[in-house]
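Dumped entry.tsv below, it's TSV, C-alpha atoms and all ligand atoms:
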```
chain	number	residue	atom	x	y	z
A	247	MET	CA	60.70	0.19	-25.64
A	248	ILE	CA	58.69	0.74	-22.52
A	249	GLN	CA	60.74	2.49	-19.86
A	250	LYS	CA	60.29	3.03	-16.14
A	251	VAL	CA	60.78	6.77	-16.64
A	252	HIS	CA	57.82	6.90	-19.06
A	253	ILE	CA	55.64	4.92	-16.69
A	254	ASN	CA	56.51	7.20	-13.78
A	255	THR	CA	55.76	10.32	-15.82
A	256	VAL	CA	52.39	8.95	-16.89
A	257	GLN	CA	51.47	7.96	-13.35
A	258	GLN	CA	52.45	11.36	-12.00
A	259	ARG	CA	50.39	13.13	-14.65
A	260	ILE	CA	47.36	10.91	-13.99
A	261	GLN	CA	47.67	11.65	-10.28
A	262	ALA	CA	47.99	15.39	-10.85
A	263	ALA	CA	45.00	15.49	-13.23
A	264	CYS	CA	42.91	13.53	-10.71
A	265	GLN	CA	43.90	15.93	-7.96
A	266	ARG	CA	42.98	18.96	-10.04
A	267	SER	CA	39.54	17.52	-10.78
A	268	HIS	CA	38.90	16.01	-7.33
A	269	ARG	CA	38.78	12.49	-8.66
A	270	HIS	CA	40.31	9.35	-7.23
A	271	VAL	CA	43.05	7.66	-9.30
A	272	SER	CA	41.15	4.38	-9.11
A	273	GLU	CA	38.48	5.94	-11.36
A	274	VAL	CA	40.92	6.13	-14.27
A	275	GLN	CA	42.24	3.04	-16.01
A	276	VAL	CA	44.99	2.89	-18.62
A	277	ILE	CA	44.79	0.89	-21.80
A	278	ALA	CA	48.29	0.29	-23.13
A	279	VAL	CA	47.91	0.66	-26.88
A	280	THR	CA	50.38	-1.79	-28.39
A	281	LYS	CA	49.39	-1.55	-32.05
A	282	TYR	CA	52.95	-0.70	-33.14
A	283	ALA	CA	54.67	-2.67	-30.40
A	284	SER	CA	56.51	-5.96	-30.62
A	285	VAL	CA	55.79	-9.09	-28.60
A	286	ASP	CA	58.70	-8.14	-26.31
A	287	THR	CA	57.27	-4.70	-25.63
A	288	VAL	CA	53.87	-6.18	-24.82
A	289	ALA	CA	55.63	-8.53	-22.40
A	290	ALA	CA	57.30	-5.55	-20.75
A	291	ALA	CA	54.01	-3.65	-20.53
A	292	ILE	CA	52.24	-6.57	-18.86
A	293	GLN	CA	55.22	-7.05	-16.56
A	294	ALA	CA	54.94	-3.39	-15.58
A	295	GLY	CA	51.31	-3.92	-14.63
A	296	PHE	CA	49.50	-2.75	-17.77
A	297	THR	CA	47.09	-5.63	-18.16
A	298	HIS	CA	44.58	-3.82	-20.35
A	299	ILE	CA	45.90	-4.01	-23.89
A	300	GLY	CA	44.49	-2.04	-26.84
A	301	GLU	CA	44.85	-3.06	-30.46
A	302	ASN	CA	43.22	-1.65	-33.56
A	303	ARG	CA	43.73	-4.36	-36.21
A	304	TRP	CA	43.34	-8.09	-35.73
A	305	PRO	CA	46.21	-9.06	-38.10
A	306	ASP	CA	48.59	-6.93	-35.99
A	307	ALA	CA	47.16	-8.18	-32.72
A	308	GLU	CA	47.08	-11.88	-33.54
A	309	LYS	CA	50.67	-12.80	-32.72
A	310	LYS	CA	50.57	-10.89	-29.44
A	311	TRP	CA	47.19	-12.31	-28.49
A	312	ASN	CA	48.46	-15.83	-29.13
A	313	VAL	CA	51.27	-15.28	-26.63
A	314	PHE	CA	49.53	-13.27	-23.91
A	315	ALA	CA	45.85	-14.13	-24.29
A	316	SER	CA	45.01	-14.90	-20.70
A	317	GLU	CA	47.52	-12.52	-19.12
A	318	ALA	CA	45.69	-9.43	-20.29
A	319	THR	CA	42.26	-8.02	-20.97
A	320	TRP	CA	41.91	-7.11	-24.63
A	321	HIS	CA	40.33	-3.93	-25.93
A	322	PHE	CA	39.54	-3.46	-29.60
A	323	ILE	CA	39.95	0.26	-30.31
A	324	GLY	CA	40.08	0.44	-34.12
A	325	SER	CA	37.34	0.75	-36.67
A	326	LEU	CA	35.72	-2.63	-37.12
A	327	GLN	CA	34.50	-4.04	-40.41
A	328	THR	CA	31.50	-6.31	-40.13
A	329	ASN	CA	33.34	-9.24	-41.72
A	330	LYS	CA	36.17	-8.92	-39.17
A	331	VAL	CA	33.97	-9.15	-36.10
A	332	LYS	CA	34.29	-12.86	-35.43
A	333	PRO	CA	37.95	-13.12	-34.36
A	334	ILE	CA	37.51	-10.03	-32.18
A	335	ILE	CA	34.42	-11.21	-30.36
A	336	GLU	CA	36.08	-14.55	-29.69
A	337	ARG	CA	39.00	-12.89	-27.95
A	338	PHE	CA	38.38	-9.31	-26.87
A	339	SER	CA	36.40	-8.20	-23.80
A	340	TYR	CA	35.77	-4.63	-24.92
A	341	VAL	CA	34.95	-2.98	-28.25
A	342	HIS	CA	35.49	0.80	-28.25
A	343	SER	CA	34.26	1.50	-31.76
A	344	LEU	CA	30.60	0.55	-32.01
A	345	ASP	CA	29.19	3.11	-34.43
A	346	ARG	CA	26.43	1.55	-36.53
A	347	ILE	CA	23.55	-0.89	-36.32
A	348	SER	CA	24.95	-3.28	-38.94
A	349	LEU	CA	27.99	-3.71	-36.69
A	350	ALA	CA	25.79	-4.16	-33.61
A	351	LYS	CA	23.89	-6.91	-35.41
A	352	GLU	CA	27.07	-8.81	-36.20
A	353	ILE	CA	28.52	-8.37	-32.69
A	354	GLU	CA	25.21	-9.58	-31.25
A	355	LYS	CA	25.25	-12.66	-33.50
A	356	GLN	CA	28.83	-13.62	-32.69
A	357	ALA	CA	28.41	-12.94	-28.96
A	358	ARG	CA	25.17	-14.91	-28.80
A	359	GLU	CA	26.81	-17.92	-30.48
A	360	ARG	CA	29.50	-17.86	-27.80
A	361	GLY	CA	27.11	-17.20	-24.93
A	362	LYS	CA	28.94	-14.05	-23.91
A	363	GLN	CA	28.09	-10.44	-23.46
A	364	VAL	CA	30.48	-7.91	-24.98
A	365	CYS	CA	31.12	-4.57	-23.28
A	366	CYS	CA	30.90	-1.86	-25.92
A	367	PHE	CA	31.64	1.83	-26.09
A	368	VAL	CA	29.62	3.76	-28.63
A	369	GLN	CA	31.97	5.90	-30.69
A	370	VAL	CA	30.89	9.49	-31.15
A	371	ASN	CA	32.44	11.92	-33.62
A	372	MET	CA	32.25	14.92	-31.32
A	373	ALA	CA	34.38	17.19	-33.48
A	374	GLY	CA	32.48	16.32	-36.66
A	375	GLU	CA	35.69	15.51	-38.53
A	376	VAL	CA	35.00	13.91	-41.90
A	377	SER	CA	38.11	11.74	-41.54
A	378	LYS	CA	36.88	10.12	-38.34
A	379	ARG	CA	34.29	7.49	-37.67
A	380	GLY	CA	31.61	7.68	-35.04
A	381	LEU	CA	28.02	8.75	-34.69
A	382	HIS	CA	26.97	12.36	-34.99
A	383	PRO	CA	26.07	13.50	-31.45
A	384	ALA	CA	22.47	14.15	-32.50
A	385	ASP	CA	22.05	10.51	-33.58
A	386	VAL	CA	23.31	8.90	-30.41
A	387	GLN	CA	20.05	8.80	-28.43
A	388	LEU	CA	18.17	6.83	-31.08
A	389	PHE	CA	21.17	4.51	-31.43
A	390	MET	CA	21.22	3.81	-27.68
A	391	GLU	CA	17.49	3.06	-27.79
A	392	GLN	CA	18.05	0.61	-30.63
A	393	LEU	CA	20.87	-1.11	-28.74
A	394	CYS	CA	18.32	-2.31	-26.17
A	395	LEU	CA	17.34	-4.90	-28.81
A	396	PHE	CA	20.77	-6.55	-28.57
A	397	PRO	CA	20.95	-8.45	-25.27
A	398	HIS	CA	24.52	-9.68	-25.84
A	399	ILE	CA	25.83	-6.13	-26.17
A	400	LYS	CA	26.42	-4.22	-22.97
A	401	PRO	CA	26.77	-0.51	-23.76
A	402	ILE	CA	28.96	0.78	-20.95
A	403	GLY	CA	29.66	4.27	-22.24
A	404	PHE	CA	31.13	6.37	-25.02
A	405	MET	CA	34.40	6.78	-26.86
A	406	THR	CA	35.75	9.68	-28.83
A	407	LEU	CA	38.94	10.69	-30.61
A	408	ALA	CA	39.89	14.34	-30.30
A	409	PRO	CA	41.56	16.07	-33.24
A	410	TYR	CA	45.33	16.28	-32.79
A	411	THR	CA	46.38	19.78	-31.72
A	412	LYS	CA	49.67	21.25	-30.56
A	413	ASP	CA	47.82	22.75	-27.62
A	414	PRO	CA	45.93	19.93	-25.87
A	415	GLU	CA	43.84	22.50	-24.00
A	416	GLN	CA	41.90	22.94	-27.25
A	417	THR	CA	40.56	19.38	-26.92
A	418	ARG	CA	38.78	20.21	-23.65
A	419	PRO	CA	35.45	21.20	-25.26
A	420	ILE	CA	35.38	17.87	-27.15
A	421	PHE	CA	35.81	15.82	-23.99
A	422	ARG	CA	33.48	18.01	-21.97
A	423	SER	CA	30.71	17.80	-24.55
A	424	LEU	CA	30.96	13.99	-24.65
A	425	ARG	CA	30.55	13.89	-20.87
A	426	MET	CA	27.57	16.25	-21.08
A	427	LEU	CA	26.01	14.15	-23.83
A	428	ARG	CA	26.45	11.08	-21.63
A	429	ASP	CA	24.78	12.86	-18.69
A	430	GLU	CA	21.87	13.94	-20.88
A	431	LEU	CA	21.35	10.44	-22.27
A	432	GLU	CA	21.46	8.85	-18.85
A	433	SER	CA	18.62	11.03	-17.67
A	434	ALA	CA	16.66	10.87	-20.94
A	435	LEU	CA	16.83	7.06	-21.11
A	436	SER	CA	17.05	6.23	-17.39
A	437	LEU	CA	20.07	4.09	-18.13
A	438	SER	CA	23.61	4.17	-16.81
A	439	PHE	CA	26.61	4.66	-19.08
A	440	PRO	CA	29.41	4.88	-16.53
A	441	HIS	CA	32.43	4.86	-18.82
A	442	LEU	CA	34.13	7.40	-21.04
A	443	SER	CA	37.00	6.18	-23.23
A	444	MET	CA	38.82	9.38	-24.14
A	445	GLY	CA	42.31	10.81	-24.03
A	446	MET	CA	45.51	9.63	-25.72
A	447	SER	CA	49.20	10.43	-25.24
A	448	ASN	CA	48.75	14.01	-26.36
A	449	ASP	CA	45.71	14.96	-24.32
A	450	PHE	CA	45.03	12.47	-21.52
A	451	ASP	CA	45.43	15.00	-18.68
A	452	ILE	CA	42.63	17.11	-20.11
A	453	ALA	CA	40.47	14.03	-20.74
A	454	ILE	CA	40.86	12.96	-17.10
A	455	GLU	CA	39.89	16.42	-15.90
A	456	GLU	CA	36.76	16.12	-18.05
A	457	GLY	CA	35.75	12.69	-16.75
A	458	ALA	CA	37.60	9.98	-18.71
A	459	THR	CA	37.47	6.57	-17.03
A	460	TRP	CA	39.66	4.85	-19.64
A	461	ILE	CA	42.59	6.55	-21.31
A	462	ARG	CA	44.28	4.93	-24.31
A	463	LEU	CA	48.05	5.43	-24.28
A	464	GLY	CA	50.42	4.35	-27.02
A	465	SER	CA	53.43	6.48	-27.86
A	466	ILE	CA	53.93	8.01	-24.41
A	467	LEU	CA	54.38	4.54	-22.90
A	468	MET	CA	56.01	2.64	-25.74
A	469	GLY	CA	58.09	5.50	-27.15
A	470	GLU	CA	57.66	6.85	-30.67
A	471	GLY	CA	57.82	3.95	-33.09
A	472	GLY	CA	56.82	1.70	-30.26
A	473	ILE	CA	59.11	-1.25	-30.90
A	501	LIG	C1	46.81	4.61	-31.65
A	501	LIG	C2	45.61	4.91	-30.88
A	501	LIG	C3	45.72	5.40	-29.56
A	501	LIG	C4	47.05	5.72	-28.89
A	501	LIG	O1	47.61	6.83	-29.50
A	501	LIG	P1	48.89	7.59	-28.84
A	501	LIG	O2	48.76	8.96	-29.34
A	501	LIG	O3	50.08	6.87	-29.36
A	501	LIG	O4	48.76	7.48	-27.38
A	501	LIG	C5	44.55	5.60	-28.86
A	501	LIG	N1	43.33	5.36	-29.41
A	501	LIG	C6	43.19	4.89	-30.66
A	501	LIG	C7	41.84	4.63	-31.19
A	501	LIG	C8	44.32	4.65	-31.43
A	501	LIG	O5	44.17	4.19	-32.68
```

Written as structure tokens, how would this file's structure read?
Amino acid sequence: MIQKVHINTVQQRIQAACQRSHRHVSEVQVIAVTKYASVDTVAAAIQAGFTHIGENRWPDAEKKWNVFASEATWHFIGSLQTNKVKPIIERFSYVHSLDRISLAKEIEKQARERGKQVCCFVQVNMAGEVSKRGLHPADVQLFMEQLCLFPHIKPIGFMTLAPYTKDPEQTRPIFRSLRMLRDELESALSLSFPHLSMGMSNDFDIAIEEGATWIRLGSILMGEGGI
């Protein structure tokens, strides 16, 4: 269950990380990842002011979305199969896992039919882990160029998952290299990609120090198990 003490700890750590990196706390937004949480826990999260909700599977999200649809902004953070795009595009404002053109085509189609533009993060596999999705860093520039052909997709930045490590400091090079890749692409393409979705319960302080604008927090807010 979500507890005041967890919220306070998270807020203090966000503040401290912002101070260390000379950033303002308003530059960092929290997505409460409720994938393992019950309807009651989502209610508590929204009550506590976490109005950005992250889910990674539509079947798990459906019940919660049906209850809280308009009270929150919905972020899809899981890997997305092309045939599962429709219910997401109907309901979610952000997709954090855009990683291939076939998926872009389907998002474009569904968004166009609904006359909306979907904010997307392009997922990059910075650590090159075979178990994780995301574009190889070397392929991202061409991908961003191709995305210009999809007017209903708004690429707002990049997302990455760092490998889990006991020592979160080891994730710093992953986050830093995503920020540097973003900076390079902005100047190469003369486009702006203002957002970086990076950092989870284990490593969000480091991600903030390296430029995260959205951190995705599950277990640290909801407790292990998350119910
Ligand atoms: C589950 C999940 C999170 C939250 O993980 P915690 O370690 O519980 O904070 C963040 N991002 C993605 C993509 C996830 O699947």

Residue contacts of Ala434 of chain A (12 Å, only C-alpha atoms) excluding same-chain residues fewer than 4 positions away, as JSON, numbers by chain
{"A": [386, 387, 388, 390, 391, 427, 428, 429, 430, 438, 439]}

Quick one: everything within 10 Å of Val341 of chain A, counting only C-alpha atoms, minus sequence neighbours fewer than 6 positions away in the same chain. Send it as a PDB file with C-alpha atoms, keeping the file's coordinate frame.
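So the final result, stored in result.pdb, reads:
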```
ATOM      1  CA  GLY A 300      44.490  -2.040 -26.840  1.00  0.00           C
ATOM      2  CA  ASN A 302      43.220  -1.650 -33.560  1.00  0.00           C
ATOM      3  CA  TRP A 320      41.910  -7.110 -24.630  1.00  0.00           C
ATOM      4  CA  HIS A 321      40.330  -3.930 -25.930  1.00  0.00           C
ATOM      5  CA  PHE A 322      39.540  -3.460 -29.600  1.00  0.00           C
ATOM      6  CA  ILE A 323      39.950   0.260 -30.310  1.00  0.00           C
ATOM      7  CA  GLY A 324      40.080   0.440 -34.120  1.00  0.00           C
ATOM      8  CA  SER A 325      37.340   0.750 -36.670  1.00  0.00           C
ATOM      9  CA  LEU A 326      35.720  -2.630 -37.120  1.00  0.00           C
ATOM     10  CA  ILE A 334      37.510 -10.030 -32.180  1.00  0.00           C
ATOM     11  CA  ILE A 335      34.420 -11.210 -30.360  1.00  0.00           C
ATOM     12  CA  ILE A 353      28.520  -8.370 -32.690  1.00  0.00           C
ATOM     13  CA  VAL A 364      30.480  -7.910 -24.980  1.00  0.00           C
ATOM     14  CA  CYS A 365      31.120  -4.570 -23.280  1.00  0.00           C
ATOM     15  CA  CYS A 366      30.900  -1.860 -25.920  1.00  0.00           C
ATOM     16  CA  PHE A 367      31.640   1.830 -26.090  1.00  0.00           C
ATOM     17  CA  VAL A 368      29.620   3.760 -28.630  1.00  0.00           C
ATOM     18  CA  GLN A 369      31.970   5.900 -30.690  1.00  0.00           C
ATOM     19  CA  ILE A 399      25.830  -6.130 -26.170  1.00  0.00           C
ATOM     20  CA  PRO A 401      26.770  -0.510 -23.760  1.00  0.00           C
ATOM     21  CA  MET A 405      34.400   6.780 -26.860  1.00  0.00           C
TER      22      MET A 405
END
```

Measuring atom to atom with all atoms listed in the file, identify which of A:Leu424, A:Pro397, A:Ile299, A:Val271 is nearest to ligand LIG 501 (chain A).
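Closest residue, counting all atoms listed in the file: A:Ile299.
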
One-decimal distance in Å that lies between atom CA of Thr297 of chain A and atom C1 of ligand LIG 501 (chain A)
16.9 Å

List all protein, DNA and RNA residues that have an atom no more than 10 Å from any atom of ligand LIG 501 (chain A), counting only C-alpha atoms and all ligand atoms, and report them as a PyMOL selection string.
chain A and resi 277-282+300-303+322-325+342-343+369+405-408+410+443-450+461-472

Residues within 10 Å of Asn329 of chain A, only C-alpha atoms, excluding chain neighbours under 4 positions, as a list in words:
Pro333, Leu349 and Glu352 of chain A

Mind checking which residues fall within 9 Å of Ile452 of chain A, counting only C-alpha atoms, ignoring those fewer than 5 positions away in the same chain, and posting them as a ChimeraX atom specification?
/A:263,414-415,417-418,421,445,457-458

Write the residues you've just listed into a file as an mmCIF file, in the frame of the given file, and include C-alpha atoms for each of them.
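For reference, selection-v9.cif as written:
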```
data_model
loop_
_atom_site.group_PDB
_atom_site.id
_atom_site.type_symbol
_atom_site.label_atom_id
_atom_site.label_comp_id
_atom_site.auth_asym_id
_atom_site.auth_seq_id
_atom_site.Cartn_x
_atom_site.Cartn_y
_atom_site.Cartn_z
ATOM 1 C CA ALA A 263 45.000 15.490 -13.230
ATOM 2 C CA PRO A 414 45.930 19.930 -25.870
ATOM 3 C CA GLU A 415 43.840 22.500 -24.000
ATOM 4 C CA THR A 417 40.560 19.380 -26.920
ATOM 5 C CA ARG A 418 38.780 20.210 -23.650
ATOM 6 C CA PHE A 421 35.810 15.820 -23.990
ATOM 7 C CA GLY A 445 42.310 10.810 -24.030
ATOM 8 C CA GLY A 457 35.750 12.690 -16.750
ATOM 9 C CA ALA A 458 37.600 9.980 -18.710
#
```

Pick from A:Asp306, A:Gly374, A:Glu317, A:His398 nearest to Lys351 of chain A, counting all atoms listed in the file:
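Under the stated criterion, the closest residue is A:His398.
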
Measuring between only C-alpha atoms, which one of A:Cys264, A:Val370, A:Leu344, A:Ala294 shows the shortest distance to Val331 of chain A?
A:Leu344

Selection near Glu456 of chain A, 9 Å with only C-alpha atoms, sequence-local residues under 5 positions removed, as a list in words:
Ser267, Arg418, Pro419, Phe421, Arg422, Arg425 and Asp451 of chain A

For a test of reading the model, state the distance in Å between atom CA of His441 of chain A and atom CA of His298 of chain A, rounded to one decimal.
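Computed distance, atom CA of His441 of chain A to atom CA of His298 of chain A, equals 15.0 Å.
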
Between A:His270, A:Trp304, A:Met247, A:Thr328, which residue has the minimum interatomic distance to Ala289 of chain A, considering all atoms listed in the file?
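Ranked by minimum distance to Ala289 of chain A, first place goes to A:Met247.
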
Exercise on segment 335-340 of chain A, axis-aligned box with 6 Å per side, report centre and edge lengths in Å to one decimal, as AutoDock Vina command-line options:
```
--center_x 36.7 --center_y -9.6 --center_z -27.1 --size_x 16.6 --size_y 21.9 --size_z 18.6
```

What is the atom CA of Phe389 of chain A-atom CA of Ser436 of chain A distance in Å, reported with one decimal?
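Taking atom CA of Phe389 of chain A as the start and atom CA of Ser436 of chain A as the end point, the length is 14.7 Å.
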
May I ask which of the residues A:Phe404, A:Phe338, A:Phe396, A:Phe296 is the closest one to Ile248 of chain A, counting all atoms listed in the file?
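Using all atoms listed in the file, Ile248 of chain A sits closest to A:Phe296.
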
For Arg360 of chain A, the nearest of the candidates A:Gln249, A:Lys332, A:Gln392, A:Pro383, counting only C-alpha atoms:
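Residue with the minimum atom-to-atom distance to Arg360 of chain A: A:Lys332.
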
Which polymer residues, whether protein, DNA or RNA, lie within 8 Å of the coordinate (44.5, -16.3, -32.0) when you count all atoms listed in the file? List them as a CSV table (one decimal) with C-alpha atoms, in the coordinates of the input, using the chain letters and numbers from the file.
```
chain,number,residue,atom,x,y,z
A,308,GLU,CA,47.1,-11.9,-33.5
A,309,LYS,CA,50.7,-12.8,-32.7
A,311,TRP,CA,47.2,-12.3,-28.5
A,312,ASN,CA,48.5,-15.8,-29.1
A,333,PRO,CA,38.0,-13.1,-34.4
A,337,ARG,CA,39.0,-12.9,-28.0
```
